[in-house]
Each structure stands twice: as C-alpha cells, then as structure tokens.
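**Q** Quick one: structure below, then a few questions.
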Amino acid sequence: MLNELSEFLRPLPAHLRRLWRPDIGTQVLCVNGECYRIPKAGNTTRPFFHDHTYHPALTTESVLAVGVNGWNWADQVSEFVTFDIDAVANHTTTGLPPERLVEIVAKLMDVPDCELIRSKSGHGIHARMYFGPFPRALTHTEHAHNGARVLAWLARTTGLPLESEVDACGAIAWIYHRDTAPNGFELLKGAT
C-alpha cells in the first residue's frame with residue numbers, strides 16, 4: 001500500500017505532497033466505505049503498520065480522500081499540526097461567517113511560522129504550523145495535545161480566540177479529496 005499511496009499522491013502540488021511519508025499518521029478513505037489508517041494502534045505507545053495487499057487499487061475511482069495529521073509515529077514526535085477553520089459555506093451550523101474568516105486569515109498572514117491553505121471546498125482554511133525541534137508524542141493523542149499547545153500560542157500571538165473557532169486540532173487534514181473545488185487546497189501563504 002505504501003508504494004501505491006506514494007504513486008497516487010505524486011500528482012499533488014508540492015506543498016501537499018511533501019506532507020506525506022510512510023511514517024506520518026495517515027488515513028485513506030475509499031469510495032466503497034473502507035478506511036485504512038497508518039499506523040495501527042496509534043493510541044498506544046507501540047504503533048505499527050504492516051504493509052499488505054488487501055486493499056483496493058488506489059485510483060481516483062477508488063479513493064475518496066487521503067489525509068495526514070503530522071504525527072511521525074515511527075519516531076514518536078510531532079512534526080506539524082493542522083487547524084481546520086471552516087466557513088459557514090462548509091458547515092452551516094458551526095462554520096464562521098465570511099467576514100470573521102477574513103479577519104482570522106488577515107491576522108494569521110502576519111504570523112511567519114503559519115502556513116495557510118484553502119480547505120477542499122475552497123471556503124475554509126487550513127492553518128498549518130511546523131514544529132522545530134520536534135516535541136515527543138508517543139501516541140496520536142499526545143500529538144493532538146501538542147497541537148492544542150500550539151493553538152494556544154497562536155491565539156495569544158494573534159489575539160484571536162482560536163480555541164473556539166477551530167474545527168480540528170492535530171487530527172487528520174485532507175491533502176487529497178476527489179470532490180475538491182477548483183480553488184481547493186490552494187496555498188495562500190507558506191511558512192518561513
């Protein structure tokens with residue numbers, strides 16, 4: 001599966017393709033409803049993955065979505081974390097109004113370490129922060145805690161109440177989705 005996944009993701013833009021490696025927490029959703037996670041046992045201190053051939057061929061017809069969480073499960077450290085900031089257009093009951101999303105993006109544009117990418121719909125934003133040095137994360141739960149600490153720092157830095165405005169923190173963020181809008185996953189600002 002790992003070699004097939006690498007080939008499947010090869011056509012992605014560089015800012016998305018570089019996020020995936022076999023040692024980064026990954027989820028593959030297939031059109032038939034099957035879901036594959038790399039690694040297995042991510043909530044334990046002994047995550048593992050055994051590559052196998054018991055999966056459908058990874059094609060644009062069979063794969064619905066591929067996402068990553070930034071957790072290097074092999075080395076048990078956090079490499080990056082993604083925050084999902086959604087517009088009302090994405091989530092009618094929990095999304096942010098367009099003017100609030102514009103305000104948040106404007107503040108995040110001033111944070112050099114923050115990368116901003118449109119969500120798959122093109123309406124929301126993925127804010128990505130890279131760690132350096134990499135903090136320990138023995139499990140994917142510890143990785144999410146590292147993400148929460150970065151989110152708190154980002155909130156203090158921008159003066160925004162991001163903890164209440166972010167949909168996901170340290171969880172899987174899509175880097176491929178077959179239903180991507182024309183401007184979906186567009187890189188708005190790289191991290192420096």
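Identifiers in the structure tokens: chain A, B, ... in order shown; residue index from 1 per chain; ligand index from 1 in order shown.
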In region 34-104 of chain A, what's strand (DSSP E) per DSSP? Answer as a list in words?

**A**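 Taking region 34-104 of chain A and keeping strand (DSSP E) only, one gets Cys35, Tyr36, Arg37, Ile38, Val63, Leu64, Ala65, Val66, Gly67, Val68, Asn69, Gly70, Trp71, Asn72, Val77, Ser78, Phe80, Val81, Thr82, Phe83, Asp84 and Ile85 of chain A.
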
**Q** Using only C-alpha atoms, find each residue of region 69-160 of chain A with at least one atom at most 6 Å away from an atom of region 35-55 of chain A; report its shortest atom-to-atom pair and that distance in Å (one decimal), sort the rows by chain and rising residue number, and return the result as a Markdown table.

**A**
| residue | atom | partner | partner_atom | distance |
| --- | --- | --- | --- | --- |
| A:Leu138 | CA | A:Thr45 | CA | 5.3 |
| A:Thr139 | CA | A:Asn43 | CA | 5.1 |
| A:His140 | CA | A:Gly42 | CA | 5.5 |

**Q** List the spatial neighbours of region 142-159 of chain A as a JSON list (two decimals) with N, CA and C atoms, in the first residue's frame - criterion: any atom at most 10 Å away, only C-alpha atoms, same-chain residues fewer than 3 positions off excluded.

**A**
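Result written to part_13.json:
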[["chain", "number", "residue", "atom", "x", "y", "z"],
["A", 43, "ASN", "N", -3.19, 4.94, 19.31],
["A", 43, "ASN", "CA", -3.49, 5.42, 20.66],
["A", 43, "ASN", "C", -2.67, 4.68, 21.72],
["A", 69, "ASN", "N", -1.94, 13.75, 9.65],
["A", 69, "ASN", "CA", -2.06, 14.51, 10.90],
["A", 69, "ASN", "C", -0.76, 15.15, 11.38],
["A", 70, "GLY", "N", 0.36, 14.86, 10.75],
["A", 70, "GLY", "CA", 1.63, 15.47, 11.15],
["A", 70, "GLY", "C", 2.37, 14.74, 12.24],
["A", 71, "TRP", "N", 1.83, 13.63, 12.71],
["A", 71, "TRP", "CA", 2.47, 12.83, 13.76],
["A", 71, "TRP", "C", 3.42, 11.84, 13.11],
["A", 72, "ASN", "N", 4.71, 11.93, 13.42],
["A", 72, "ASN", "CA", 5.69, 10.95, 12.98],
["A", 72, "ASN", "C", 5.64, 9.81, 13.99],
["A", 73, "TRP", "N", 4.85, 8.80, 13.64],
["A", 73, "TRP", "CA", 4.59, 7.70, 14.58],
["A", 73, "TRP", "C", 5.80, 6.79, 14.75],
["A", 76, "GLN", "N", 7.90, 8.85, 17.00],
["A", 76, "GLN", "CA", 7.02, 9.28, 18.10],
["A", 76, "GLN", "C", 7.27, 10.75, 18.48],
["A", 77, "VAL", "N", 7.19, 11.60, 17.44],
["A", 77, "VAL", "CA", 7.31, 13.04, 17.61],
["A", 77, "VAL", "C", 6.24, 13.74, 16.75],
["A", 78, "SER", "N", 5.94, 14.98, 17.10],
["A", 78, "SER", "CA", 5.06, 15.81, 16.29],
["A", 78, "SER", "C", 5.91, 16.62, 15.32],
["A", 79, "GLU", "N", 5.62, 16.53, 14.02],
["A", 79, "GLU", "CA", 6.35, 17.31, 13.02],
["A", 79, "GLU", "C", 5.57, 18.55, 12.60],
["A", 80, "PHE", "N", 4.26, 18.43, 12.46],
["A", 80, "PHE", "CA", 3.42, 19.57, 12.13],
["A", 80, "PHE", "C", 2.00, 19.28, 12.61],
["A", 81, "VAL", "N", 1.22, 20.33, 12.68],
["A", 81, "VAL", "CA", -0.17, 20.20, 13.09],
["A", 81, "VAL", "C", -1.00, 21.13, 12.21],
["A", 82, "THR", "N", -2.21, 20.70, 11.88],
["A", 82, "THR", "CA", -3.10, 21.48, 11.03],
["A", 82, "THR", "C", -4.36, 21.84, 11.80],
["A", 83, "PHE", "N", -4.77, 23.09, 11.66],
["A", 83, "PHE", "CA", -6.01, 23.57, 12.27],
["A", 83, "PHE", "C", -7.00, 23.84, 11.15],
["A", 104, "ILE", "N", -9.69, 36.43, 10.55],
["A", 104, "ILE", "CA", -8.75, 35.43, 11.07],
["A", 104, "ILE", "C", -7.59, 35.25, 10.09],
["A", 106, "ALA", "N", -6.44, 37.34, 7.90],
["A", 106, "ALA", "CA", -5.59, 38.54, 7.91],
["A", 106, "ALA", "C", -4.61, 38.50, 9.08],
["A", 107, "LYS", "N", -5.08, 38.09, 10.26],
["A", 107, "LYS", "CA", -4.19, 38.00, 11.43],
["A", 107, "LYS", "C", -3.15, 36.90, 11.25],
["A", 108, "LEU", "N", -3.58, 35.75, 10.71],
["A", 108, "LEU", "CA", -2.64, 34.63, 10.54],
["A", 108, "LEU", "C", -1.61, 34.92, 9.45],
["A", 109, "MET", "N", -1.94, 35.77, 8.51],
["A", 109, "MET", "CA", -0.98, 36.16, 7.47],
["A", 109, "MET", "C", 0.25, 36.85, 8.08],
["A", 110, "ASP", "N", 0.06, 37.45, 9.24],
["A", 110, "ASP", "CA", 1.16, 38.16, 9.90],
["A", 110, "ASP", "C", 2.03, 37.25, 10.77],
["A", 111, "VAL", "N", 1.68, 35.96, 10.85],
["A", 111, "VAL", "CA", 2.47, 35.01, 11.66],
["A", 111, "VAL", "C", 3.40, 34.26, 10.71],
["A", 113, "ASP", "N", 5.44, 31.81, 10.93],
["A", 113, "ASP", "CA", 5.53, 30.35, 11.02],
["A", 113, "ASP", "C", 4.25, 29.64, 10.60],
["A", 114, "CYS", "N", 3.23, 30.37, 10.22],
["A", 114, "CYS", "CA", 1.93, 29.79, 9.90],
["A", 114, "CYS", "C", 1.75, 29.67, 8.39],
["A", 127, "ALA", "N", -4.83, 26.05, 8.63],
["A", 127, "ALA", "CA", -3.65, 26.75, 9.15],
["A", 127, "ALA", "C", -2.70, 25.67, 9.66],
["A", 128, "ARG", "N", -1.48, 25.65, 9.14],
["A", 128, "ARG", "CA", -0.53, 24.59, 9.49],
["A", 128, "ARG", "C", 0.68, 25.21, 10.15],
["A", 129, "MET", "N", 1.08, 24.61, 11.27],
["A", 129, "MET", "CA", 2.27, 25.03, 11.99],
["A", 129, "MET", "C", 3.25, 23.86, 12.04],
["A", 130, "TYR", "N", 4.50, 24.15, 11.76],
["A", 130, "TYR", "CA", 5.57, 23.14, 11.77],
["A", 130, "TYR", "C", 6.35, 23.27, 13.07],
["A", 131, "PHE", "N", 6.68, 22.13, 13.67],
["A", 131, "PHE", "CA", 7.46, 22.12, 14.89],
["A", 131, "PHE", "C", 8.95, 22.10, 14.56],
["A", 134, "PHE", "N", 11.25, 18.93, 17.21],
["A", 134, "PHE", "CA", 10.04, 18.11, 17.28],
["A", 134, "PHE", "C", 9.77, 17.67, 18.72],
["A", 135, "PRO", "N", 8.59, 18.01, 19.27],
["A", 135, "PRO", "CA", 8.26, 17.54, 20.62],
["A", 135, "PRO", "C", 7.85, 16.06, 20.60],
["A", 136, "ARG", "N", 8.09, 15.39, 21.72],
["A", 136, "ARG", "CA", 7.70, 13.98, 21.84],
["A", 136, "ARG", "C", 6.20, 13.85, 21.72],
["A", 137, "ALA", "N", 5.78, 12.77, 21.11],
["A", 137, "ALA", "CA", 4.36, 12.41, 21.01],
["A", 137, "ALA", "C", 4.32, 10.90, 20.87],
["A", 138, "LEU", "N", 4.21, 10.22, 22.00],
["A", 138, "LEU", "CA", 4.24, 8.75, 21.97],
["A", 138, "LEU", "C", 3.00, 8.16, 21.33],
["A", 139, "THR", "N", 1.89, 8.92, 21.34],
["A", 139, "THR", "CA", 0.63, 8.46, 20.76],
["A", 139, "THR", "C", 0.03, 9.60, 19.92],
["A", 162, "LEU", "N", -8.91, 31.54, 19.05],
["A", 162, "LEU", "CA", -8.88, 30.45, 18.08],
["A", 162, "LEU", "C", -9.37, 29.12, 18.65],
["A", 163, "GLU", "N", -9.20, 28.89, 19.93],
["A", 163, "GLU", "CA", -9.63, 27.63, 20.51],
["A", 163, "GLU", "C", -11.12, 27.38, 20.26],
["A", 166, "VAL", "N", -11.69, 26.93, 15.89],
["A", 166, "VAL", "CA", -11.02, 25.90, 15.10],
["A", 166, "VAL", "C", -11.81, 24.61, 15.21],
["A", 168, "ALA", "N", -10.76, 21.46, 14.01],
["A", 168, "ALA", "CA", -9.93, 20.29, 14.29],
["A", 168, "ALA", "C", -8.53, 20.75, 14.67],
["A", 169, "CYS", "N", -7.90, 20.01, 15.57],
["A", 169, "CYS", "CA", -6.58, 20.40, 16.07],
["A", 169, "CYS", "C", -5.72, 19.14, 16.20],
["A", 170, "GLY", "N", -4.77, 18.96, 15.31],
["A", 170, "GLY", "CA", -3.89, 17.80, 15.39],
["A", 170, "GLY", "C", -4.51, 16.54, 14.85],
["A", 171, "ALA", "N", -5.67, 16.66, 14.23],
["A", 171, "ALA", "CA", -6.35, 15.50, 13.66],
["A", 171, "ALA", "C", -5.99, 15.39, 12.18]]

**Q** Suppose you want the space between CA of Thr26 (chain A) and CA of Gly67 (chain A); what is it in Å?

**A** 5.6 Å

**Q** Go through A:Ile175, A:Ile24, A:Ala74, A:Leu116 one by one, measure the shortest atom-to-atom distance of each to Phe8 (chain A) using only C-alpha atoms, and give the residue with the smallest value.

**A**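 When distances to Phe8 (chain A) are compared using only C-alpha atoms, the smallest one comes from A:Ile175.
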
**Q** Counting only C-alpha atoms, which residue out of A:Pro112, A:Pro11, A:Gly25, A:Gly33 sits closest to Thr192 (chain A)?

**A**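 The closest residue to Thr192 (chain A) is A:Pro112.
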
**Q** Out of A:Ala191, A:Leu64, A:Leu12, A:Ile172, which residue has the shortest atom-to-atom distance to Gln27 (chain A) when counting only C-alpha atoms?

**A**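 Smallest distance to Gln27 (chain A) is found for A:Ile172.
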
**Q** Kindly indicate which residue among A:Glu186, A:Glu4, A:Asp23, A:Glu165 lies nearest to Asp75 (chain A), using only C-alpha atoms for the distances.

**A** A:Asp23

**Q** Point out the residue among A:Lys189, A:His177, A:His123, A:Arg100 with the least atom-to-atom distance to His15 (chain A), counting only C-alpha atoms.

**A**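 Selected residue with least distance to His15 (chain A): A:Lys189.
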
**Q** Can you tell me how far CA of Cys30 (chain A) sits from CA of Leu188 (chain A), in Å to one decimal?

**A** 28.3 Å

**Q** For a quick check of understanding, using only C-alpha atoms, which of A:Pro133, A:Pro98, A:Pro161, A:Gly184 has the smallest distance to Ser121 (chain A)?

**A**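 Comparing A:Pro133, A:Pro98, A:Pro161, A:Gly184 against Ser121 (chain A), the winner is A:Gly184.
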
**Q** Need to verify the contact set: Pro56 (chain A), 10 Å, only C-alpha atoms, exclusion of same-chain residues closer than 4 positions in sequence. Can you return it as a PDB file with N, CA and C atoms, in the first residue's frame?

**A**
ATOM      1  N   MET A   1       0.816  -1.191   0.000  1.00  0.00           N
ATOM      2  CA  MET A   1       0.000   0.000   0.000  1.00  0.00           C
ATOM      3  C   MET A   1       0.865   1.261   0.000  1.00  0.00           C
ATOM      4  N   CYS A  30     -11.833   5.112   1.182  1.00  0.00           N
ATOM      5  CA  CYS A  30     -12.172   4.616  -0.146  1.00  0.00           C
ATOM      6  C   CYS A  30     -13.652   4.859  -0.433  1.00  0.00           C
ATOM      7  N   VAL A  31     -13.980   4.911  -1.692  1.00  0.00           N
ATOM      8  CA  VAL A  31     -15.352   5.151  -2.130  1.00  0.00           C
ATOM      9  C   VAL A  31     -16.280   4.058  -1.611  1.00  0.00           C
ATOM     10  N   ASN A  32     -15.774   2.839  -1.484  1.00  0.00           N
ATOM     11  CA  ASN A  32     -16.603   1.724  -1.012  1.00  0.00           C
ATOM     12  C   ASN A  32     -16.815   1.733   0.499  1.00  0.00           C
ATOM     13  N   GLU A  34     -14.456   1.644   2.863  1.00  0.00           N
ATOM     14  CA  GLU A  34     -13.320   1.135   3.630  1.00  0.00           C
ATOM     15  C   GLU A  34     -12.410   2.294   4.037  1.00  0.00           C
ATOM     16  N   SER A  62     -11.289   4.827  -6.940  1.00  0.00           N
ATOM     17  CA  SER A  62     -11.499   4.065  -5.702  1.00  0.00           C
ATOM     18  C   SER A  62     -11.246   4.867  -4.427  1.00  0.00           C
ATOM     19  N   VAL A  63     -10.415   5.910  -4.492  1.00  0.00           N
ATOM     20  CA  VAL A  63     -10.049   6.673  -3.292  1.00  0.00           C
ATOM     21  C   VAL A  63     -10.912   7.928  -3.198  1.00  0.00           C
TER      22      VAL A  63
END
